[in-house]
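S.K.: protein-v3.cif is reproduced below (mmCIF, C-alpha atoms).
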data_target
#
loop_
_atom_site.label_atom_id
_atom_site.label_comp_id
_atom_site.auth_asym_id
_atom_site.auth_seq_id
_atom_site.Cartn_x
_atom_site.Cartn_y
_atom_site.Cartn_z
CA MET X 9 125.82 121.48 98.17
CA ASN X 10 129.45 120.78 97.44
CA LYS X 11 131.22 121.30 94.12
CA GLU X 12 131.61 117.62 93.24
CA VAL X 13 127.88 116.92 93.45
CA LYS X 14 127.09 120.03 91.40
CA ALA X 15 129.75 119.13 88.86
CA GLN X 16 127.95 115.86 88.16
CA ASN X 17 125.14 117.99 86.70
CA GLU X 18 122.64 115.41 87.93
CA LYS X 19 120.13 115.57 90.70
CA ILE X 20 120.97 113.65 93.82
CA ASN X 21 118.81 112.57 96.74
CA ALA X 22 119.59 113.87 100.21
CA VAL X 23 119.32 111.98 103.49
CA VAL X 24 118.91 114.13 106.60
CA MET X 25 119.93 112.66 109.93
CA GLY X 26 120.99 113.60 113.41
CA ARG X 27 124.51 113.03 114.66
CA LYS X 28 123.55 109.90 116.62
CA THR X 29 122.00 108.35 113.50
CA TRP X 30 125.20 109.15 111.58
CA GLU X 31 127.24 107.48 114.32
CA SER X 32 124.99 104.38 114.21
CA ILE X 33 126.04 103.77 110.60
CA PRO X 34 129.18 101.60 110.47
CA SER X 35 132.17 103.85 109.77
CA THR X 36 133.02 101.80 106.67
CA LYS X 37 129.59 102.69 105.21
CA ARG X 38 129.77 106.45 105.91
CA PRO X 39 128.91 108.57 104.11
CA LEU X 40 126.03 106.68 102.52
CA GLN X 41 126.90 106.37 98.84
CA ASN X 42 125.16 108.06 95.92
CA ARG X 43 123.34 110.64 98.02
CA LEU X 44 124.03 113.83 99.90
CA ASN X 45 124.40 113.03 103.61
CA VAL X 46 123.12 115.92 105.75
CA VAL X 47 124.11 115.63 109.40
CA LEU X 48 122.51 117.87 112.01
CA THR X 49 124.54 118.66 115.10
CA SER X 50 124.68 121.44 117.66
CA THR X 51 128.48 121.51 117.23
CA PRO X 52 129.13 121.57 113.45
CA ASP X 53 132.77 122.76 113.68
CA GLU X 54 133.65 120.01 116.16
CA PHE X 55 131.84 117.44 114.00
CA ARG X 56 133.77 118.50 110.87
CA LYS X 57 137.01 118.23 112.85
CA GLN X 58 136.05 114.68 113.89
CA LEU X 59 135.38 113.80 110.24
CA ASP X 60 138.82 115.14 109.28
CA GLU X 61 140.56 113.26 112.09
CA ALA X 62 138.79 110.01 111.16
CA GLY X 63 139.67 110.44 107.49
CA THR X 64 135.99 110.26 106.54
CA PRO X 65 135.35 111.22 102.90
CA GLN X 66 133.41 114.48 102.95
CA GLU X 67 132.56 115.10 99.31
CA ASN X 68 128.89 114.20 99.86
CA VAL X 69 128.53 115.40 103.46
CA MET X 70 126.79 118.59 104.51
CA VAL X 71 126.80 119.59 108.19
CA CYS X 72 124.08 121.87 109.57
CA SER X 73 123.26 123.15 113.01
CA ASN X 74 119.49 123.06 112.64
CA PHE X 75 116.73 121.30 110.75
CA GLU X 76 115.10 124.44 109.36
CA THR X 77 118.29 125.67 107.68
CA ALA X 78 118.91 122.22 106.21
CA MET X 79 115.37 121.97 104.80
CA ILE X 80 115.43 125.48 103.35
CA ASP X 81 118.86 125.01 101.76
CA LEU X 82 118.02 121.57 100.35
CA SER X 83 114.62 122.66 99.04
CA ALA X 84 116.20 125.61 97.22
CA ASP X 85 119.04 123.56 95.72
CA GLU X 86 118.16 122.53 92.16
CA GLY X 87 120.77 119.76 92.38
CA VAL X 88 118.75 117.96 95.05
CA ASN X 89 115.99 115.64 93.90
CA GLU X 90 114.24 114.16 96.96
CA ILE X 91 114.89 114.74 100.67
CA PHE X 92 114.61 111.78 103.04
CA VAL X 93 114.63 112.15 106.82
CA ILE X 94 116.23 108.98 108.21
CA GLY X 95 116.37 109.71 111.94
CA GLY X 96 116.53 110.26 114.83
CA SER X 97 113.29 110.49 116.69
CA SER X 98 113.27 114.28 117.14
CA LEU X 99 113.68 114.78 113.38
CA TYR X 100 110.85 112.33 112.74
CA GLU X 101 108.67 114.21 115.21
CA MET X 102 109.39 117.58 113.57
CA SER X 103 108.78 116.11 110.10
CA ILE X 104 105.57 114.25 110.89
CA ASN X 105 103.81 116.29 113.57
CA GLY X 106 105.89 119.38 114.11
CA GLN X 107 106.43 122.73 112.53
CA TYR X 108 108.09 121.25 109.43
CA GLN X 109 105.33 118.83 108.48
CA ASP X 110 104.56 120.93 105.39
CA TYR X 111 107.85 119.65 103.94
CA CYS X 112 106.71 116.05 104.41
CA LYS X 113 104.97 114.74 101.29
CA MET X 114 105.12 111.03 102.01
CA ILE X 115 106.03 108.61 104.77
CA ILE X 116 107.76 105.40 103.79
CA ALA X 117 107.41 103.10 106.78
CA THR X 118 108.50 99.51 107.11
CA ARG X 119 106.56 97.33 109.52
CA ILE X 120 108.71 94.71 111.21
CA ASN X 121 106.65 91.96 112.79
CA LYS X 122 108.94 91.38 115.74
CA MET X 123 109.43 93.08 119.09
CA PHE X 124 112.81 94.65 119.87
CA GLU X 125 114.14 96.28 123.01
CA CYS X 126 114.87 99.87 122.06
CA ASP X 127 115.00 103.41 123.42
CA THR X 128 114.14 105.48 120.32
CA PHE X 129 110.74 105.59 118.66
CA ILE X 130 109.01 107.14 115.66
CA PRO X 131 105.91 109.20 116.51
CA GLU X 132 102.46 107.77 115.97
CA ILE X 133 101.35 108.09 112.36
CA GLU X 134 97.65 108.75 111.83
CA ASN X 135 95.77 106.21 109.70
CA PHE X 136 98.79 103.91 109.42
CA ARG X 137 97.87 100.24 109.09
#
Translate the structure of the given file into structure tokens.
M.R.:
Amino acid sequence: MNKEVKAQNEKINAVVMGRKTWESIPSTKRPLQNRLNVVLTSTPDEFRKQLDEAGTPQENVMVCSNFETAMIDLSADEGVNEIFVIGGSSLYEMSINGQYQDYCKMIIATRINKMFECDTFIPEIENFR
């Protein structure tokens, strides 16, 4: 976690997302405020360079190359309160049904009673009504 977050001497929530989810957030809203934004990408150095070039504030941004490293680092960081996985679909799959499901304590799902045309889906959740 970066120095500014630690200097606050308060716990902060973390949101873990893939690069495409990050890019789906309007640039004026990135990073999401009042939380540590963890972005997973296979090209972390290139991603950091893009953040620099775009002038994106990086004080609450952590860039990781894989989900396991992010979860281990965040879980061990006493400055992090809760960890929320906010997309994309492969991160949901790993969190809900995959090898990292032991990290998942709770699923907060919102049911939207409308059909949308989309190309990304959350995995089936057992006993969800």
S.K.: Take CA of Arg43 (chain X) and CA of Gly26 (chain X) and report the distance between them in Å, one decimal.
M.R.: 15.8 Å
S.K.: What does the structure give for the distance between CA of Cys126 (chain X) and CA of Ala78 (chain X), in Å to one decimal?
M.R.: 27.7 Å
S.K.: Given the file shown, enumerate the residues that the PyMOL selection byres ((chain X and resi 74) around 8) captures and present them as a VMD selection string.
M.R.: chain X and resid 48 to 50 72 to 73 75 to 78
S.K.: Report the residues retrieved by the PyMOL selection byres ((chain X and resi 31-38) around 12) from the displayed file, expressed as a PyMOL selection string.
M.R.: chain X and resi 25-30+39-49+55+58-59+62-69+94-96
S.K.: In Å, how far is it from CA of Leu99 (chain X) to CA of Arg119 (chain X)?
M.R.: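 If I compute the distance from CA of Leu99 (chain X) to CA of Arg119 (chain X), I get 19.2 Å.
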S.K.: Carefully work through the PyMOL selection byres ((chain X and resi 116) around 12) for this structure and note down the residues it includes, as a ChimeraX atom specification.
M.R.: /X:92-94,100,104,112-115,117-119,133,136
S.K.: How about saving the chosen residues, C-alpha atoms kept, as an mmCIF file, in the frame of the given file?
M.R.:
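Saved the output as selection-v2.cif:
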data_model
loop_
_atom_site.group_PDB
_atom_site.id
_atom_site.type_symbol
_atom_site.label_atom_id
_atom_site.label_comp_id
_atom_site.auth_asym_id
_atom_site.auth_seq_id
_atom_site.Cartn_x
_atom_site.Cartn_y
_atom_site.Cartn_z
ATOM 1 C CA PHE X 92 114.610 111.780 103.040
ATOM 2 C CA VAL X 93 114.630 112.150 106.820
ATOM 3 C CA ILE X 94 116.230 108.980 108.210
ATOM 4 C CA TYR X 100 110.850 112.330 112.740
ATOM 5 C CA ILE X 104 105.570 114.250 110.890
ATOM 6 C CA CYS X 112 106.710 116.050 104.410
ATOM 7 C CA LYS X 113 104.970 114.740 101.290
ATOM 8 C CA MET X 114 105.120 111.030 102.010
ATOM 9 C CA ILE X 115 106.030 108.610 104.770
ATOM 10 C CA ALA X 117 107.410 103.100 106.780
ATOM 11 C CA THR X 118 108.500 99.510 107.110
ATOM 12 C CA ARG X 119 106.560 97.330 109.520
ATOM 13 C CA ILE X 133 101.350 108.090 112.360
ATOM 14 C CA PHE X 136 98.790 103.910 109.420
#
S.K.: Identify, on the basis of all atoms listed in the file, every residue whose closest approach to Met79 (chain X) does not exceed 10 Å; exclude the query and any residue fewer than 6 positions from it along the same chain; express the result as a list of chain:residue names.
M.R.: X:Val24, X:Val46, X:Cys72, X:Asp85, X:Ile91, X:Tyr108, X:Tyr111
S.K.: Keeping N, CA, C and O atoms (and nothing else), can you write region 17-53 of chain X of this structure as a tab-separated table (two decimals), in the first residue's frame?
M.R.:
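Once everything was written out, this is selection-v9.tsv:
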chain	number	residue	atom	x	y	z
X	17	ASN	N	-3.26	6.48	8.81
X	17	ASN	CA	-3.39	5.68	10.02
X	17	ASN	C	-4.83	5.20	10.25
X	17	ASN	O	-5.28	5.07	11.36
X	18	GLU	N	-5.54	4.99	9.16
X	18	GLU	CA	-6.88	4.45	9.20
X	18	GLU	C	-6.96	3.31	8.21
X	18	GLU	O	-6.24	3.29	7.23
X	19	LYS	N	-7.84	2.39	8.48
X	19	LYS	CA	-8.04	1.31	7.53
X	19	LYS	C	-8.86	1.81	6.36
X	19	LYS	O	-9.71	2.68	6.50
X	20	ILE	N	-8.56	1.26	5.21
X	20	ILE	CA	-9.23	1.65	3.98
X	20	ILE	C	-9.68	0.38	3.26
X	20	ILE	O	-9.01	-0.66	3.37
X	21	ASN	N	-10.81	0.43	2.59
X	21	ASN	CA	-11.26	-0.70	1.80
X	21	ASN	C	-10.51	-0.72	0.48
X	21	ASN	O	-10.07	0.32	-0.02
X	22	ALA	N	-10.39	-1.91	-0.08
X	22	ALA	CA	-9.73	-2.08	-1.38
X	22	ALA	C	-10.74	-2.63	-2.37
X	22	ALA	O	-11.57	-3.48	-2.02
X	23	VAL	N	-10.68	-2.14	-3.60
X	23	VAL	CA	-11.47	-2.69	-4.70
X	23	VAL	C	-10.50	-3.28	-5.71
X	23	VAL	O	-9.56	-2.62	-6.13
X	24	VAL	N	-10.71	-4.55	-6.03
X	24	VAL	CA	-9.83	-5.26	-6.96
X	24	VAL	C	-10.57	-5.41	-8.28
X	24	VAL	O	-11.73	-5.85	-8.30
X	25	MET	N	-9.91	-5.03	-9.36
X	25	MET	CA	-10.55	-5.08	-10.67
X	25	MET	C	-9.52	-5.39	-11.75
X	25	MET	O	-8.33	-5.13	-11.57
X	26	GLY	N	-10.01	-5.90	-12.85
X	26	GLY	CA	-9.17	-6.08	-14.02
X	26	GLY	C	-9.02	-4.77	-14.77
X	26	GLY	O	-9.74	-3.80	-14.53
X	27	ARG	N	-8.09	-4.75	-15.70
X	27	ARG	CA	-7.83	-3.54	-16.48
X	27	ARG	C	-9.05	-3.06	-17.24
X	27	ARG	O	-9.35	-1.87	-17.29
X	28	LYS	N	-9.81	-3.98	-17.83
X	28	LYS	CA	-10.99	-3.58	-18.61
X	28	LYS	C	-12.04	-2.94	-17.70
X	28	LYS	O	-12.71	-1.99	-18.11
X	29	THR	N	-12.19	-3.44	-16.48
X	29	THR	CA	-13.14	-2.83	-15.55
X	29	THR	C	-12.66	-1.42	-15.21
X	29	THR	O	-13.46	-0.47	-15.18
X	30	TRP	N	-11.36	-1.27	-14.95
X	30	TRP	CA	-10.80	0.07	-14.70
X	30	TRP	C	-11.13	1.01	-15.85
X	30	TRP	O	-11.57	2.14	-15.64
X	31	GLU	N	-10.92	0.53	-17.07
X	31	GLU	CA	-11.15	1.38	-18.25
X	31	GLU	C	-12.63	1.69	-18.45
X	31	GLU	O	-12.96	2.68	-19.11
X	32	SER	N	-13.53	0.87	-17.89
X	32	SER	CA	-14.96	1.13	-18.03
X	32	SER	C	-15.44	2.25	-17.10
X	32	SER	O	-16.53	2.78	-17.28
X	33	ILE	N	-14.63	2.59	-16.12
X	33	ILE	CA	-14.96	3.68	-15.20
X	33	ILE	C	-14.60	4.99	-15.90
X	33	ILE	O	-13.49	5.12	-16.43
X	34	PRO	N	-15.51	5.96	-15.94
X	34	PRO	CA	-15.17	7.23	-16.59
X	34	PRO	C	-13.87	7.80	-16.03
X	34	PRO	O	-13.63	7.76	-14.82
X	35	SER	N	-13.02	8.31	-16.91
X	35	SER	CA	-11.70	8.78	-16.48
X	35	SER	C	-11.78	9.85	-15.40
X	35	SER	O	-10.89	9.96	-14.56
X	36	THR	N	-12.88	10.62	-15.38
X	36	THR	CA	-13.03	11.65	-14.35
X	36	THR	C	-13.35	11.06	-12.99
X	36	THR	O	-13.28	11.76	-11.98
X	37	LYS	N	-13.70	9.78	-12.94
X	37	LYS	CA	-14.05	9.11	-11.68
X	37	LYS	C	-12.96	8.15	-11.21
X	37	LYS	O	-13.13	7.45	-10.21
X	38	ARG	N	-11.85	8.08	-11.96
X	38	ARG	CA	-10.75	7.19	-11.60
X	38	ARG	C	-9.63	7.98	-10.94
X	38	ARG	O	-9.34	9.08	-11.39
X	39	PRO	N	-9.00	7.43	-9.92
X	39	PRO	CA	-9.39	6.21	-9.20
X	39	PRO	C	-10.65	6.46	-8.37
X	39	PRO	O	-10.97	7.60	-8.02
X	40	LEU	N	-11.34	5.37	-8.03
X	40	LEU	CA	-12.51	5.49	-7.17
X	40	LEU	C	-12.06	6.06	-5.83
X	40	LEU	O	-11.07	5.61	-5.26
X	41	GLN	N	-12.77	7.05	-5.35
X	41	GLN	CA	-12.35	7.78	-4.15
X	41	GLN	C	-12.51	6.95	-2.88
X	41	GLN	O	-13.35	6.07	-2.80
X	42	ASN	N	-11.72	7.29	-1.90
X	42	ASN	CA	-11.81	6.76	-0.53
X	42	ASN	C	-11.65	5.25	-0.45
X	42	ASN	O	-12.22	4.61	0.42
X	43	ARG	N	-10.87	4.70	-1.35
X	43	ARG	CA	-10.55	3.27	-1.31
X	43	ARG	C	-9.28	3.04	-2.11
X	43	ARG	O	-8.91	3.86	-2.95
X	44	LEU	N	-8.64	1.94	-1.83
X	44	LEU	CA	-7.46	1.55	-2.59
X	44	LEU	C	-7.93	0.83	-3.85
X	44	LEU	O	-8.65	-0.16	-3.77
X	45	ASN	N	-7.56	1.34	-5.01
X	45	ASN	CA	-7.93	0.75	-6.29
X	45	ASN	C	-6.81	-0.19	-6.72
X	45	ASN	O	-5.68	0.27	-6.97
X	46	VAL	N	-7.11	-1.47	-6.82
X	46	VAL	CA	-6.12	-2.47	-7.22
X	46	VAL	C	-6.48	-2.93	-8.63
X	46	VAL	O	-7.56	-3.47	-8.85
X	47	VAL	N	-5.58	-2.67	-9.57
X	47	VAL	CA	-5.83	-3.01	-10.96
X	47	VAL	C	-4.91	-4.15	-11.36
X	47	VAL	O	-3.69	-4.07	-11.18
X	48	LEU	N	-5.51	-5.22	-11.90
X	48	LEU	CA	-4.74	-6.36	-12.36
X	48	LEU	C	-4.55	-6.27	-13.86
X	48	LEU	O	-5.51	-6.05	-14.60
X	49	THR	N	-3.32	-6.42	-14.29
X	49	THR	CA	-3.00	-6.37	-15.71
X	49	THR	C	-1.77	-7.22	-15.97
X	49	THR	O	-0.89	-7.34	-15.11
X	50	SER	N	-1.71	-7.79	-17.17
X	50	SER	CA	-0.54	-8.60	-17.52
X	50	SER	C	0.65	-7.72	-17.89
X	50	SER	O	1.77	-8.21	-18.03
X	51	THR	N	0.42	-6.42	-18.04
X	51	THR	CA	1.50	-5.48	-18.39
X	51	THR	C	1.52	-4.31	-17.40
X	51	THR	O	1.18	-3.18	-17.76
X	52	PRO	N	1.92	-4.56	-16.15
X	52	PRO	CA	1.87	-3.50	-15.13
X	52	PRO	C	2.72	-2.27	-15.45
X	52	PRO	O	2.30	-1.14	-15.20
X	53	ASP	N	3.92	-2.45	-16.00
X	53	ASP	CA	4.77	-1.30	-16.31
X	53	ASP	C	4.14	-0.42	-17.38
X	53	ASP	O	4.13	0.82	-17.26
